[in-house]
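**Q** Take this structure first; my questions come after.
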Amino acid sequence: MDLVIIDCQNDFVDGILAAENGCEAVENIVDFLNVKKEDLRVFYTMDFHPVNHCSFKEQDGIWPPHCVAGTMGAELHDKFYETPFSPSLENKYYKGRNKDKEEYSAFEAENGLGHLLREDLGETIYLAGIASEYCVRETALDFKKAGKDVVVLEDLLGYINKKDHEENLESLEKEGVGVQSSSRC
Ligand SMILES: [Zn+2]
């Protein structure tokens, strides 16, 4: 299975924009990665902004500065480095690098080798990570629109607001995105 782990970076897990359930989501994802699965492939996405990104409050955006390229806040959480799927040049895909563009979706994310995420993924993809109602949602909808089967793993998500998160899952299901527990994988 192809698992896309969305934006589990320090700023979103326990930093300036810490998501609700972010630490629990990371722990659950790490547990999932540590149980051997024959066909698992893992893809990490990373929000990766210049210091003057348009989504930051100083530029009239709605977020505090976060995931600035080159800072600790932009790094993936340490716990992933202790799994069999350690983050690397090949499996880290960046988005949000253009200062003028908000980019919640990882559809156009690209790794350090210049590979596009959408070209490296198979036909069915599973999503986990942060934040449910922003980057996970937009990524799910874009890949669904592009014709992939998309499943969101509901026990592996962090969110900004619980009610919005629950509404997001209902809305995604209406759009044909699967929502299930990772225990069913
Ligand atoms: Zn961002």
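As shown in the structure tokens, the chain order sets the letters A, B, ...; within each chain, residues go from 1, and ligands are also counted from 1 in the order they appear.
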Within 8 Å of ligand 1 (counting only C-alpha atoms and all ligand atoms), which residues show up? I'd like them as a list in words.

**A** Asp47, Phe48, His49, Ser55, Trp63, His66, Cys67, Gly96, Glu102, Glu103 and Tyr104 of chain A

**Q** Next, write the just-selected residues to a file, as an mmCIF file, in the first residue's frame, keeping N, CA and C atoms as the atom set.

**A**
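As written to disk, result38.cif reads:
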data_model
loop_
_atom_site.group_PDB
_atom_site.id
_atom_site.type_symbol
_atom_site.label_atom_id
_atom_site.label_comp_id
_atom_site.auth_asym_id
_atom_site.auth_seq_id
_atom_site.Cartn_x
_atom_site.Cartn_y
_atom_site.Cartn_z
ATOM 1 N N ASP A 47 5.326 20.922 4.321
ATOM 2 C CA ASP A 47 5.067 22.329 4.062
ATOM 3 C C ASP A 47 6.440 22.998 4.211
ATOM 4 N N PHE A 48 6.851 23.788 3.234
ATOM 5 C CA PHE A 48 8.248 24.239 3.235
ATOM 6 C C PHE A 48 8.313 25.647 2.672
ATOM 7 N N HIS A 49 8.190 26.637 3.591
ATOM 8 C CA HIS A 49 7.965 28.015 3.162
ATOM 9 C C HIS A 49 9.207 28.903 3.211
ATOM 10 N N SER A 55 1.038 33.084 3.282
ATOM 11 C CA SER A 55 0.080 32.586 4.275
ATOM 12 C C SER A 55 0.370 33.105 5.676
ATOM 13 N N TRP A 63 -2.030 32.523 9.095
ATOM 14 C CA TRP A 63 -1.242 31.671 9.989
ATOM 15 C C TRP A 63 -0.027 32.403 10.555
ATOM 16 N N HIS A 66 5.359 29.527 9.984
ATOM 17 C CA HIS A 66 5.533 28.111 10.311
ATOM 18 C C HIS A 66 6.269 27.408 9.179
ATOM 19 N N CYS A 67 6.923 26.310 9.519
ATOM 20 C CA CYS A 67 7.600 25.460 8.532
ATOM 21 C C CYS A 67 8.454 26.266 7.563
ATOM 22 N N GLY A 96 4.521 24.360 -1.008
ATOM 23 C CA GLY A 96 4.467 25.669 -0.351
ATOM 24 C C GLY A 96 5.735 26.476 -0.500
ATOM 25 N N GLU A 102 -0.562 29.848 -1.632
ATOM 26 C CA GLU A 102 -0.927 28.942 -0.546
ATOM 27 C C GLU A 102 -1.101 27.572 -1.179
ATOM 28 N N GLU A 103 -0.563 26.563 -0.581
ATOM 29 C CA GLU A 103 -0.567 25.240 -1.209
ATOM 30 C C GLU A 103 -0.863 24.174 -0.149
ATOM 31 N N TYR A 104 -2.143 24.057 0.238
ATOM 32 C CA TYR A 104 -2.515 23.028 1.216
ATOM 33 C C TYR A 104 -2.337 21.630 0.615
#

**Q** List every residue of chain A that DSSP, applied to the backbone, labels as strand (DSSP E), and write the result as a PyMOL selection string.

**A** chain A and resi 2-6+41-47+92-95+110-111+124-129+149-157+178-180

**Q** Residues of the last selection are to be written out with N, CA and C atoms, as a short mmCIF file (atom, residue, chain, number, x, y, z; two decimals), in the first residue's frame.

**A**
data_model
loop_
_atom_site.label_atom_id
_atom_site.label_comp_id
_atom_site.auth_asym_id
_atom_site.auth_seq_id
_atom_site.Cartn_x
_atom_site.Cartn_y
_atom_site.Cartn_z
N ASP A 2 0.35 2.31 -0.61
CA ASP A 2 1.05 3.59 -0.65
C ASP A 2 0.46 4.51 0.41
N LEU A 3 1.28 4.86 1.40
CA LEU A 3 0.83 5.72 2.49
C LEU A 3 1.49 7.09 2.37
N VAL A 4 0.66 8.13 2.28
CA VAL A 4 1.17 9.50 2.23
C VAL A 4 0.98 10.12 3.61
N ILE A 5 2.09 10.46 4.25
CA ILE A 5 2.05 11.06 5.59
C ILE A 5 2.21 12.56 5.42
N ILE A 6 1.14 13.28 5.71
CA ILE A 6 1.09 14.69 5.37
C ILE A 6 1.57 15.60 6.51
N ARG A 41 4.69 1.30 1.00
CA ARG A 41 5.59 2.35 0.55
C ARG A 41 5.16 3.63 1.24
N VAL A 42 6.12 4.43 1.71
CA VAL A 42 5.80 5.61 2.51
C VAL A 42 6.32 6.87 1.82
N PHE A 43 5.47 7.88 1.80
CA PHE A 43 5.78 9.17 1.17
C PHE A 43 5.47 10.26 2.19
N TYR A 44 6.47 11.05 2.54
CA TYR A 44 6.25 12.15 3.49
C TYR A 44 6.08 13.45 2.71
N THR A 45 5.05 14.24 3.07
CA THR A 45 4.98 15.57 2.49
C THR A 45 5.39 16.60 3.54
N MET A 46 5.91 17.74 3.07
CA MET A 46 6.38 18.79 3.96
C MET A 46 5.99 20.15 3.44
N ASP A 47 5.33 20.92 4.32
CA ASP A 47 5.07 22.33 4.06
C ASP A 47 6.44 23.00 4.21
N LYS A 92 10.83 12.40 0.81
CA LYS A 92 10.31 13.68 1.32
C LYS A 92 9.91 14.56 0.13
N TYR A 93 8.65 14.96 0.13
CA TYR A 93 8.11 15.77 -0.98
C TYR A 93 7.67 17.13 -0.44
N TYR A 94 8.15 18.19 -1.08
CA TYR A 94 7.95 19.55 -0.59
C TYR A 94 6.83 20.27 -1.32
N LYS A 95 6.15 21.15 -0.57
CA LYS A 95 5.12 22.02 -1.14
C LYS A 95 5.16 23.36 -0.42
N GLU A 110 7.00 17.85 -4.64
CA GLU A 110 8.13 17.33 -5.40
C GLU A 110 9.26 16.96 -4.43
N ASN A 111 9.98 15.88 -4.71
CA ASN A 111 11.06 15.51 -3.80
C ASN A 111 12.40 16.12 -4.25
N THR A 124 -4.07 3.48 -5.79
CA THR A 124 -4.79 3.61 -4.52
C THR A 124 -3.84 4.21 -3.49
N ILE A 125 -4.31 5.28 -2.84
CA ILE A 125 -3.43 5.90 -1.84
C ILE A 125 -4.16 6.06 -0.50
N TYR A 126 -3.40 5.92 0.56
CA TYR A 126 -3.89 6.09 1.92
C TYR A 126 -3.25 7.35 2.50
N LEU A 127 -4.06 8.15 3.19
CA LEU A 127 -3.56 9.41 3.74
C LEU A 127 -3.63 9.42 5.26
N ALA A 128 -2.58 10.00 5.87
CA ALA A 128 -2.54 10.23 7.31
C ALA A 128 -1.87 11.57 7.52
N GLY A 129 -1.95 12.12 8.74
CA GLY A 129 -1.17 13.31 9.04
C GLY A 129 -1.96 14.52 9.50
N ASP A 149 -8.01 6.15 -6.23
CA ASP A 149 -8.80 5.73 -5.07
C ASP A 149 -8.09 6.27 -3.84
N VAL A 150 -8.81 7.03 -3.03
CA VAL A 150 -8.20 7.70 -1.89
C VAL A 150 -8.89 7.25 -0.61
N VAL A 151 -8.09 6.86 0.38
CA VAL A 151 -8.62 6.45 1.67
C VAL A 151 -7.91 7.26 2.76
N VAL A 152 -8.69 7.89 3.63
CA VAL A 152 -8.13 8.64 4.76
C VAL A 152 -8.20 7.75 6.00
N LEU A 153 -7.08 7.66 6.71
CA LEU A 153 -7.03 6.80 7.91
C LEU A 153 -7.35 7.66 9.13
N GLU A 154 -8.57 7.51 9.63
CA GLU A 154 -9.13 8.48 10.58
C GLU A 154 -8.46 8.47 11.95
N ASP A 155 -7.80 7.39 12.31
CA ASP A 155 -7.12 7.36 13.61
C ASP A 155 -5.69 7.91 13.51
N LEU A 156 -5.30 8.35 12.34
CA LEU A 156 -3.93 8.84 12.14
C LEU A 156 -3.92 10.32 11.73
N LEU A 157 -4.86 11.10 12.28
CA LEU A 157 -5.00 12.49 11.87
C LEU A 157 -4.89 13.47 13.04
N GLY A 178 -12.64 7.35 0.80
CA GLY A 178 -12.85 6.36 1.86
C GLY A 178 -12.34 6.91 3.19
N VAL A 179 -13.05 6.57 4.25
CA VAL A 179 -12.59 6.94 5.61
C VAL A 179 -12.63 5.67 6.43
N GLN A 180 -11.49 5.26 6.96
CA GLN A 180 -11.46 4.03 7.75
C GLN A 180 -10.34 4.06 8.78
#

**Q** Just the residues within 7 Å of segment 32-39 of chain A, please, counting only C-alpha atoms, with nothing from its chain fewer than 4 positions along; format it as a list in words.

**A** Met1, Asn28, Thr83 and Pro84 of chain A

**Q** Tell me, as a list in words, which residues lie within 10 Å of Lys79 of chain A, counting only C-alpha atoms; anything in the same chain fewer than 2 positions away does not count.

**A**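 After dropping sequence-adjacent residues, the list is Val26, Glu27, Ile29, Val30, Leu76, His77, Tyr81, Glu82, Thr83 and Ser86 of chain A.
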
**Q** Quick check, in Å to one decimal: how far apart do atom CA of Leu117 of chain A and atom CA of Lys101 of chain A lie?

**A**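 Straight-line distance from atom CA of Leu117 of chain A to atom CA of Lys101 of chain A works out to 18.3 Å.
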
**Q** Of the residues A:Leu89, A:Lys174, A:Gln59, A:Thr71, which is the one nearest to His115 of chain A, using only C-alpha atoms?

**A**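 Of all the options, A:Leu89 lies closest to His115 of chain A.
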
**Q** Between A:Ala131, A:Asp164, A:Glu175, A:Leu40, which is the closest to Lys145 of chain A once you count only C-alpha atoms?

**A**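 Among A:Ala131, A:Asp164, A:Glu175, A:Leu40, it is A:Glu175 that comes nearest to Lys145 of chain A.
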
**Q** Find the residues around His165 of chain A up to 12 Å (only C-alpha atoms counted), leave out those fewer than 2 positions away in its own chain, and share them as a list in words.

**A** Ala19, Glu20, Asn21, Ile130, Ala131, Ser132, Glu133, Tyr134, Cys135, Val136, Arg137, Glu154, Asp155, Leu157, Gly158, Tyr159, Ile160, Asn161, Lys162, Lys163, Glu167, Asn168, Leu169, Glu170, Ser171 and Leu172 of chain A

**Q** I'd like the interatomic distance between atom CA of Leu141 of chain A and atom CA of Ser182 of chain A, to a tenth of an Å.

**A**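 For atom CA of Leu141 of chain A relative to atom CA of Ser182 of chain A, the distance reads 19.6 Å.
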
**Q** Check segment 25-73 of chain A with DSSP on the backbone and list each residue it calls helix (DSSP H, G or I), as an MDAnalysis selection string.

**A** chainID A and resid 25:34 57:59 72:73

**Q** Export, as a short mmCIF file (atom, residue, chain, number, x, y, z; two decimals), in the first residue's frame, the selected residues with N, CA and C atoms.

**A**
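After the write, result.cif holds the following:
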data_model
loop_
_atom_site.label_atom_id
_atom_site.label_comp_id
_atom_site.auth_asym_id
_atom_site.auth_seq_id
_atom_site.Cartn_x
_atom_site.Cartn_y
_atom_site.Cartn_z
N ALA A 25 -1.42 11.36 16.79
CA ALA A 25 -1.41 10.92 15.39
C ALA A 25 -0.02 10.41 15.02
N VAL A 26 1.01 11.16 15.41
CA VAL A 26 2.38 10.73 15.08
C VAL A 26 2.69 9.39 15.75
N GLU A 27 2.31 9.26 17.01
CA GLU A 27 2.57 7.98 17.69
C GLU A 27 1.87 6.83 16.99
N ASN A 28 0.63 7.06 16.59
CA ASN A 28 -0.12 5.99 15.91
C ASN A 28 0.47 5.67 14.54
N ILE A 29 0.93 6.70 13.84
CA ILE A 29 1.54 6.47 12.52
C ILE A 29 2.83 5.67 12.70
N VAL A 30 3.64 6.06 13.68
CA VAL A 30 4.90 5.36 13.93
C VAL A 30 4.64 3.89 14.28
N ASP A 31 3.63 3.65 15.12
CA ASP A 31 3.27 2.26 15.44
C ASP A 31 2.89 1.50 14.18
N PHE A 32 2.14 2.16 13.33
CA PHE A 32 1.71 1.54 12.07
C PHE A 32 2.92 1.19 11.21
N LEU A 33 3.91 2.10 11.14
CA LEU A 33 5.09 1.87 10.30
C LEU A 33 5.97 0.75 10.86
N ASN A 34 5.90 0.56 12.18
CA ASN A 34 6.78 -0.42 12.80
C ASN A 34 6.24 -1.85 12.74
N LYS A 57 0.88 35.81 8.78
CA LYS A 57 0.14 37.00 9.21
C LYS A 57 0.80 38.30 8.76
N GLU A 58 2.13 38.36 8.79
CA GLU A 58 2.84 39.58 8.35
C GLU A 58 2.52 39.93 6.90
N GLN A 59 2.16 38.93 6.13
CA GLN A 59 1.82 39.15 4.71
C GLN A 59 0.30 39.09 4.51
N MET A 72 14.16 24.14 12.44
CA MET A 72 13.78 22.89 13.08
C MET A 72 12.28 22.64 12.95
N GLY A 73 11.50 23.74 12.96
CA GLY A 73 10.06 23.61 12.86
C GLY A 73 9.61 22.95 11.56
#

**Q** Between atom CA of Glu138 of chain A and atom CA of Ser105 of chain A, what is the distance in Å, rounded to a tenth?

**A** 4.8 Å
